[in-house]
Amino acid sequence: MSTLTGCIQGIGMLGPGIADWQAARALLASEQPYVAAPTVLPPPAVLPPAERRRAGRVIRLALAVGAEALGASADARLLPTVFTSSGGDGDNCHELCVSLASGDRQISPTRFHNSVHNAAAGYWSIAYDCTRASTSLCAGDASFGAGLVEALSQLACGAPAVLLLAYDANYPQPLYAMRPIPDAFGVALLLVAPASAPDLPRLQVALSDAPAAPMEQAAFESMRASIPAARSLPLLERLAQRRAGTVILDYLDTARLAVEVQP
Amino acid sequence: MTALHLTHFTATSCLGQGLAATRAALGQARSGLAPCDFETVDLNTYIGAVAGIDDIVLPHELQRFDCRNNRLAHMALMHDGFEAAVRSAIARFGPRRIGVFLGTSTSGILTTEIAYRHLDPVNGALPPGFDYKGTHNSFSVVDYVGQLFGLAGPAVALCTACSSSAKVFATAQRMIGAGQIDAAIVGGVDSLCLTTLYGFHSLQLTSPEPCRPFDVARDGLSISEAAAFALVERAPTDPDPGAILLLGAGESSDAYHMSSPHPDGVGARNAMSAALTDAGLAPGDVDYINLHGTGTPSNDSAESRAVLALFGEATPCSSTKGATGHALGAAGALEAVICALALESGLMPGGLNVRQRDPQLGLNYLTQNRHAPLRRVLSNSFGFGGANCALLFGRAA
């Protein structure tokens, strides 16, 4: 892979003990001490009532970080989207497997349509009346990196802007034991083509063989190591600290991503 | 946008393993659908199962990937010289310059569904040996294919339900167009499982008969399984005569409903229109349309309106799902291969199982095989969540 470039117009973030990007920025810049707490997912006010009732945790997570990255200025109807998640809706998957293993295999239609990996993208498009292209990706633990590569490729092919949403939530038991993601974490980046945004923070991304660097703060390193979407944290830390330089993000088993940040 | 050359491709479905079996079944207008006898499923419906998956043995060092979906992928990769073609591409470009982009909707979920019947009676744990990453996770089949060939480039699963493995072509087009990679394995793999059979049944979308797309009394789909792959590279400026090319891709979202298409097919029309624009072509340039054509009342009606609005009534079109069933996350790639075969042979497959064409739908819907030289064909794929993709393929003159 050669180099991919993009600028960041907006950021959304939500995780354990992290209410939003505003809060995250102070924590990642060590201006505030981190206090551990479960992730709090806001209700998806943007959805029509029928869809709001049906939206599970990952959908609420994706919609929350997406909305924050969008901010007040961007028009979501015109934005192509890249959704990426290592596992989708674990609660819904568990309930389906329980039903299908029981004597009565009748499952609810809502559970079934929520089981698709692109459920969050579907709800997003309905919420914002967005008819632009949308893709939903999974690369296991590499899902954030795969989403970043896809979004930047869309910019390289002429899209003026792309919204990237990466999110993961924990499975209930017994799947939790096999896939121990501790809590929900999401990040969204509103990426725009560099030519149109000379003053915004800029990323240059390339494949790398260098090892990923851990986070200095133990709580954030624990998130980075255990939640796929939190593999974005070294990049977010740079952006929070407004510090130029290159960070190595964990990606596939065969490659990392070197991300050069110019804040 | 960048045109891609499909240098090699293969497909395995209920029609058979590899291109020769697929060609023969299409030529004989033979369906692979049969009454559902899958696993412990007790539904009154038809399915398109691939024979022999249970006999496939994955390489020893990749045993942790063992599940129905990865066995199906492995089975399909062993046909039509595909494996050798990938190894040759690796020798030319190197393992880091080849991407793997595969669509799936349910991956190896069947393994988890069965494991949930065998939870530990005391602590509720999954049975020993259950491998989440190797089987259940949607990335499993991409990881399997990457490791089978020793690839080290960008790799990702696309999971937009029934348009998943159409969108992989658009992803490869962007990654190759942006110069990130030189080649990609694209495709789709989806295998039978309880989630989709009981799930589509819960939506009252499974037919008790072999599905009858575009029939006046169509009453649902027939779920099937398939694996289809293509090896794609940037098309040369002067491709060899007969080369199969991806000329354009179009994607859109319905923004309408999670499991029903927009009744006027607005999203479908936008995707087809975007594919034409991407290829720099007009509707009149398309010789045949392979429809999404699931056989549900709402899909075929919405898709017809979209096609009529853009193409009018003249363009020959058909759905091949009466033959193959609906392979869900593998349907886009399977039908891409069927389009490639159509371009090579000039065979427009007639839609099967039609007793009486729905007069409301108004398309030039073929119910018999038709032969004519084909230059350009369009393939439609639409998924839950309103995720649409149209692909335009062509044959170099």
# chains A, B, ... in the order shown; residues from 1 in each chain; ligands from 1
$ residues_around --residues "region 158-164 of chain A" --least-positions-apart "5" --cutoff "8 Å" --atoms "only C-alpha atoms" --output "ChimeraX atom specification"
/A:66,79-84,147-148,151,188-193,196
$ closest_atom_pairs --of "chain B" --to "chain A" --cutoff "6 Å" --atoms "only C-alpha atoms" --output "Markdown table"
| residue | atom | partner | partner_atom | distance |
| --- | --- | --- | --- | --- |
| B:Glu113 | CA | A:Cys97 | CA | 5.3 |
| B:Tyr116 | CA | A:Ala101 | CA | 5.9 |
| B:Arg117 | CA | A:Ala101 | CA | 5.1 |
| B:Ala125 | CA | A:Pro174 | CA | 5.2 |
| B:Phe139 | CA | A:Ala139 | CA | 5.0 |
| B:Ala152 | CA | A:Thr254 | CA | 5.3 |
| B:Val156 | CA | A:Ala139 | CA | 4.9 |
| B:Ala157 | CA | A:Cys138 | CA | 5.1 |
| B:Leu158 | CA | A:Leu137 | CA | 4.8 |
| B:Cys159 | CA | A:Ser136 | CA | 5.5 |
| B:Thr160 | CA | A:Asn118 | CA | 5.1 |
| B:Ala178 | CA | A:Ala156 | CA | 5.9 |
| B:Gln180 | CA | A:Met1 | CA | 4.3 |
| B:Ile181 | CA | A:Met1 | CA | 5.8 |
| B:Gly199 | CA | A:Phe112 | CA | 5.3 |
| B:Ser202 | CA | A:Pro109 | CA | 5.4 |
| B:Leu203 | CA | A:Pro109 | CA | 5.5 |
| B:Glu251 | CA | A:Ala133 | CA | 4.9 |
| B:Ser252 | CA | A:Ala133 | CA | 4.2 |
| B:Ser253 | CA | A:Thr131 | CA | 4.4 |
| B:Asp254 | CA | A:Thr131 | CA | 5.7 |
| B:Ala255 | CA | A:Ile126 | CA | 4.3 |
| B:Tyr256 | CA | A:Ile126 | CA | 5.7 |
| B:Gly385 | CA | A:Gly122 | CA | 4.0 |
$ residues_around --residues "His262 (chain B)" --least-positions-apart "4" --cutoff "12 Å" --atoms "only C-alpha atoms" --output "NGL selection string"
(:A and (126 or 131)) or (:B and (253-258 or 266-270 or 298-306 or 382-388))
$ write_last_selection --atoms "N, CA and C atoms" --output "tab-separated table (two decimals), in the first residue's frame"
chain	number	residue	atom	x	y	z
A	126	ILE	N	-31.74	6.00	7.66
A	126	ILE	CA	-33.13	6.38	7.92
A	126	ILE	C	-33.17	7.65	8.78
A	131	THR	N	-29.07	9.02	1.40
A	131	THR	CA	-29.17	8.03	0.33
A	131	THR	C	-27.83	7.78	-0.36
B	253	SER	N	-28.01	4.13	-0.82
B	253	SER	CA	-28.79	3.68	0.33
B	253	SER	C	-30.25	4.07	0.12
B	254	ASP	N	-31.16	3.20	0.59
B	254	ASP	CA	-32.59	3.51	0.48
B	254	ASP	C	-33.02	4.60	1.46
B	255	ALA	N	-32.48	4.56	2.69
B	255	ALA	CA	-32.94	5.44	3.76
B	255	ALA	C	-34.45	5.33	3.93
B	256	TYR	N	-34.95	4.11	3.90
B	256	TYR	CA	-36.40	3.92	3.91
B	256	TYR	C	-36.85	2.97	5.02
B	257	HIS	N	-36.37	1.73	5.00
B	257	HIS	CA	-36.83	0.73	5.98
B	257	HIS	C	-35.75	-0.33	6.11
B	258	MET	N	-35.68	-0.99	7.29
B	258	MET	CA	-34.61	-1.96	7.51
B	258	MET	C	-34.75	-3.21	6.65
B	266	VAL	N	-36.35	3.61	-5.50
B	266	VAL	CA	-35.53	4.81	-5.70
B	266	VAL	C	-34.05	4.50	-5.48
B	267	GLY	N	-33.75	3.77	-4.41
B	267	GLY	CA	-32.35	3.43	-4.12
B	267	GLY	C	-31.76	2.54	-5.19
B	268	ALA	N	-32.56	1.58	-5.67
B	268	ALA	CA	-32.10	0.67	-6.72
B	268	ALA	C	-31.77	1.47	-7.98
B	269	ARG	N	-32.66	2.39	-8.30
B	269	ARG	CA	-32.44	3.22	-9.49
B	269	ARG	C	-31.18	4.07	-9.34
B	270	ASN	N	-30.99	4.63	-8.16
B	270	ASN	CA	-29.78	5.45	-7.93
B	270	ASN	C	-28.51	4.62	-8.10
B	298	SER	N	-42.39	-7.75	-2.87
B	298	SER	CA	-41.95	-6.35	-2.80
B	298	SER	C	-40.66	-6.11	-3.57
B	299	ASN	N	-39.69	-7.01	-3.51
B	299	ASN	CA	-38.44	-6.78	-4.25
B	299	ASN	C	-38.70	-6.67	-5.75
B	300	ASP	N	-39.39	-7.65	-6.29
B	300	ASP	CA	-39.52	-7.70	-7.74
B	300	ASP	C	-40.33	-6.50	-8.26
B	301	SER	N	-41.31	-6.08	-7.45
B	301	SER	CA	-42.11	-4.92	-7.84
B	301	SER	C	-41.26	-3.64	-7.80
B	302	ALA	N	-40.53	-3.43	-6.70
B	302	ALA	CA	-39.71	-2.22	-6.58
B	302	ALA	C	-38.60	-2.21	-7.63
B	303	GLU	N	-37.96	-3.35	-7.84
B	303	GLU	CA	-36.86	-3.42	-8.80
B	303	GLU	C	-37.36	-3.15	-10.22
B	304	SER	N	-38.55	-3.68	-10.55
B	304	SER	CA	-39.12	-3.44	-11.88
B	304	SER	C	-39.32	-1.95	-12.12
B	305	ARG	N	-39.88	-1.28	-11.11
B	305	ARG	CA	-40.11	0.16	-11.28
B	305	ARG	C	-38.80	0.90	-11.51
B	306	ALA	N	-37.78	0.49	-10.79
B	306	ALA	CA	-36.48	1.15	-10.94
B	306	ALA	C	-35.90	0.90	-12.33
B	382	PHE	N	-29.30	-5.94	-3.84
B	382	PHE	CA	-29.87	-5.05	-2.84
B	382	PHE	C	-29.94	-5.78	-1.50
B	383	GLY	N	-29.64	-5.06	-0.42
B	383	GLY	CA	-29.61	-5.74	0.88
B	383	GLY	C	-30.47	-5.06	1.93
B	384	PHE	N	-30.74	-5.81	3.00
B	384	PHE	CA	-31.38	-5.25	4.20
B	384	PHE	C	-30.64	-3.98	4.60
B	385	GLY	N	-31.37	-3.09	5.25
B	385	GLY	CA	-30.76	-1.83	5.63
B	385	GLY	C	-30.72	-0.87	4.46
B	386	GLY	N	-31.26	-1.29	3.31
B	386	GLY	CA	-31.31	-0.42	2.13
B	386	GLY	C	-29.96	-0.23	1.47
B	387	ALA	N	-29.09	-1.26	1.52
B	387	ALA	CA	-27.73	-1.16	0.95
B	387	ALA	C	-27.74	-1.71	-0.47
B	388	ASN	N	-27.64	-0.83	-1.46
B	388	ASN	CA	-27.77	-1.24	-2.87
B	388	ASN	C	-26.44	-1.14	-3.60
$ residues_around --residues "Leu378 (chain B)" --least-positions-apart "2" --cutoff "7 Å" --atoms "only C-alpha atoms" --output "number ranges by chain"
B: 286, 288-290, 376, 380, 390-393
$ write_last_selection --atoms "C-alpha atoms" --output "PDB file, in the first residue's frame"
ATOM      1  CA  VAL B 286     -26.594  -2.321 -21.625  1.00  0.00           C
ATOM      2  CA  TYR B 288     -28.783  -7.626 -20.464  1.00  0.00           C
ATOM      3  CA  ILE B 289     -29.626  -7.061 -16.783  1.00  0.00           C
ATOM      4  CA  ASN B 290     -29.170  -9.798 -14.196  1.00  0.00           C
ATOM      5  CA  ARG B 376     -22.246  -5.050 -21.563  1.00  0.00           C
ATOM      6  CA  ASN B 380     -28.165  -5.743  -9.332  1.00  0.00           C
ATOM      7  CA  ALA B 390     -25.125  -2.295  -9.202  1.00  0.00           C
ATOM      8  CA  LEU B 391     -22.167  -3.584 -11.224  1.00  0.00           C
ATOM      9  CA  LEU B 392     -21.580  -3.051 -14.922  1.00  0.00           C
ATOM     10  CA  PHE B 393     -19.492  -5.686 -16.671  1.00  0.00           C
TER      11      PHE B 393
END
$ residues_around --residues "region 67-84 of chain B" --least-positions-apart "4" --cutoff "8 Å" --atoms "only C-alpha atoms" --output "ChimeraX atom specification"
/B:8-12,17-19,53-54,56-58,88,107-108,110-111,135,140-141,144-145,189-191,226-229,231
$ select_by_dssp --residues "region 73-102 of chain A" --states "alpha helix (DSSP H)" --output "tab-separated table (two decimals) with N, CA and C atoms, in the first residue's frame"
chain	number	residue	atom	x	y	z
A	90	GLY	N	-23.85	-7.90	19.71
A	90	GLY	CA	-23.65	-9.16	20.43
A	90	GLY	C	-24.86	-9.61	21.23
A	91	ASP	N	-25.60	-8.66	21.81
A	91	ASP	CA	-26.81	-9.01	22.57
A	91	ASP	C	-27.83	-9.69	21.66
A	92	ASN	N	-28.02	-9.08	20.50
A	92	ASN	CA	-28.99	-9.59	19.54
A	92	ASN	C	-28.57	-10.98	19.03
A	93	CYS	N	-27.28	-11.14	18.76
A	93	CYS	CA	-26.75	-12.42	18.29
A	93	CYS	C	-26.99	-13.50	19.33
A	94	HIS	N	-26.71	-13.16	20.59
A	94	HIS	CA	-26.91	-14.12	21.68
A	94	HIS	C	-28.38	-14.55	21.76
A	95	GLU	N	-29.28	-13.59	21.73
A	95	GLU	CA	-30.71	-13.91	21.85
A	95	GLU	C	-31.17	-14.81	20.70
A	96	LEU	N	-30.67	-14.54	19.49
A	96	LEU	CA	-31.02	-15.38	18.34
A	96	LEU	C	-30.52	-16.81	18.54
A	97	CYS	N	-29.29	-16.93	19.01
A	97	CYS	CA	-28.71	-18.28	19.20
A	97	CYS	C	-29.47	-19.03	20.29
A	98	VAL	N	-29.88	-18.33	21.36
A	98	VAL	CA	-30.67	-18.97	22.41
A	98	VAL	C	-31.99	-19.47	21.84
A	99	SER	N	-32.67	-18.63	21.07
A	99	SER	CA	-33.96	-19.03	20.48
A	99	SER	C	-33.79	-20.23	19.56
A	100	LEU	N	-32.76	-20.17	18.72
A	100	LEU	CA	-32.57	-21.23	17.72
A	100	LEU	C	-32.14	-22.55	18.36
A	101	ALA	N	-31.58	-22.48	19.58
A	101	ALA	CA	-31.18	-23.71	20.28
A	101	ALA	C	-32.32	-24.24	21.15
$ select_by_dssp --residues "region 44-264 of chain B" --states "strand (DSSP E)" --output "MDAnalysis selection string"
chainID B and resid 46:48 98:103 155:158 183:190 223:224 226:234 244:253
$ residues_around --residues "Gln28 (chain B)" --least-positions-apart "3" --cutoff "12 Å" --atoms "only C-alpha atoms" --output "list of chain:residue names"
B:Leu15, B:Ala21, B:Thr22, B:Arg23, B:Ala24, B:Ala25, B:Ser31, B:Gly32, B:Ala323, B:Leu347, B:Pro349, B:Gly350, B:Leu352, B:Gln368, B:Asn369, B:Arg370
$ residues_around --residues "Met1 (chain B)" --least-positions-apart "2" --cutoff "7 Å" --atoms "only C-alpha atoms" --output "ChimeraX atom specification"
/B:3,248,278-279
$ atom_distance --atom1 "CA of Ala29 (chain B)" --atom2 "CA of Thr7 (chain B)"
26.7 Å
$ atom_distance --atom1 "CA of Ala166 (chain B)" --atom2 "CA of Ala333 (chain B)"
5.7 Å
$ atom_distance --atom1 "CA of Thr40 (chain B)" --atom2 "CA of Arg218 (chain B)"
26.4 Å
$ closest_residue --among "B:Lys167, B:His326, B:His371, B:Arg212" --to "Cys389 (chain B)" --atoms "only C-alpha atoms"
B:Lys167
$ closest_residue --among "A:Ala218, A:Pro182, A:Ala166, A:Pro201" --to "Arg231 (chain A)" --atoms "only C-alpha atoms"
A:Ala166
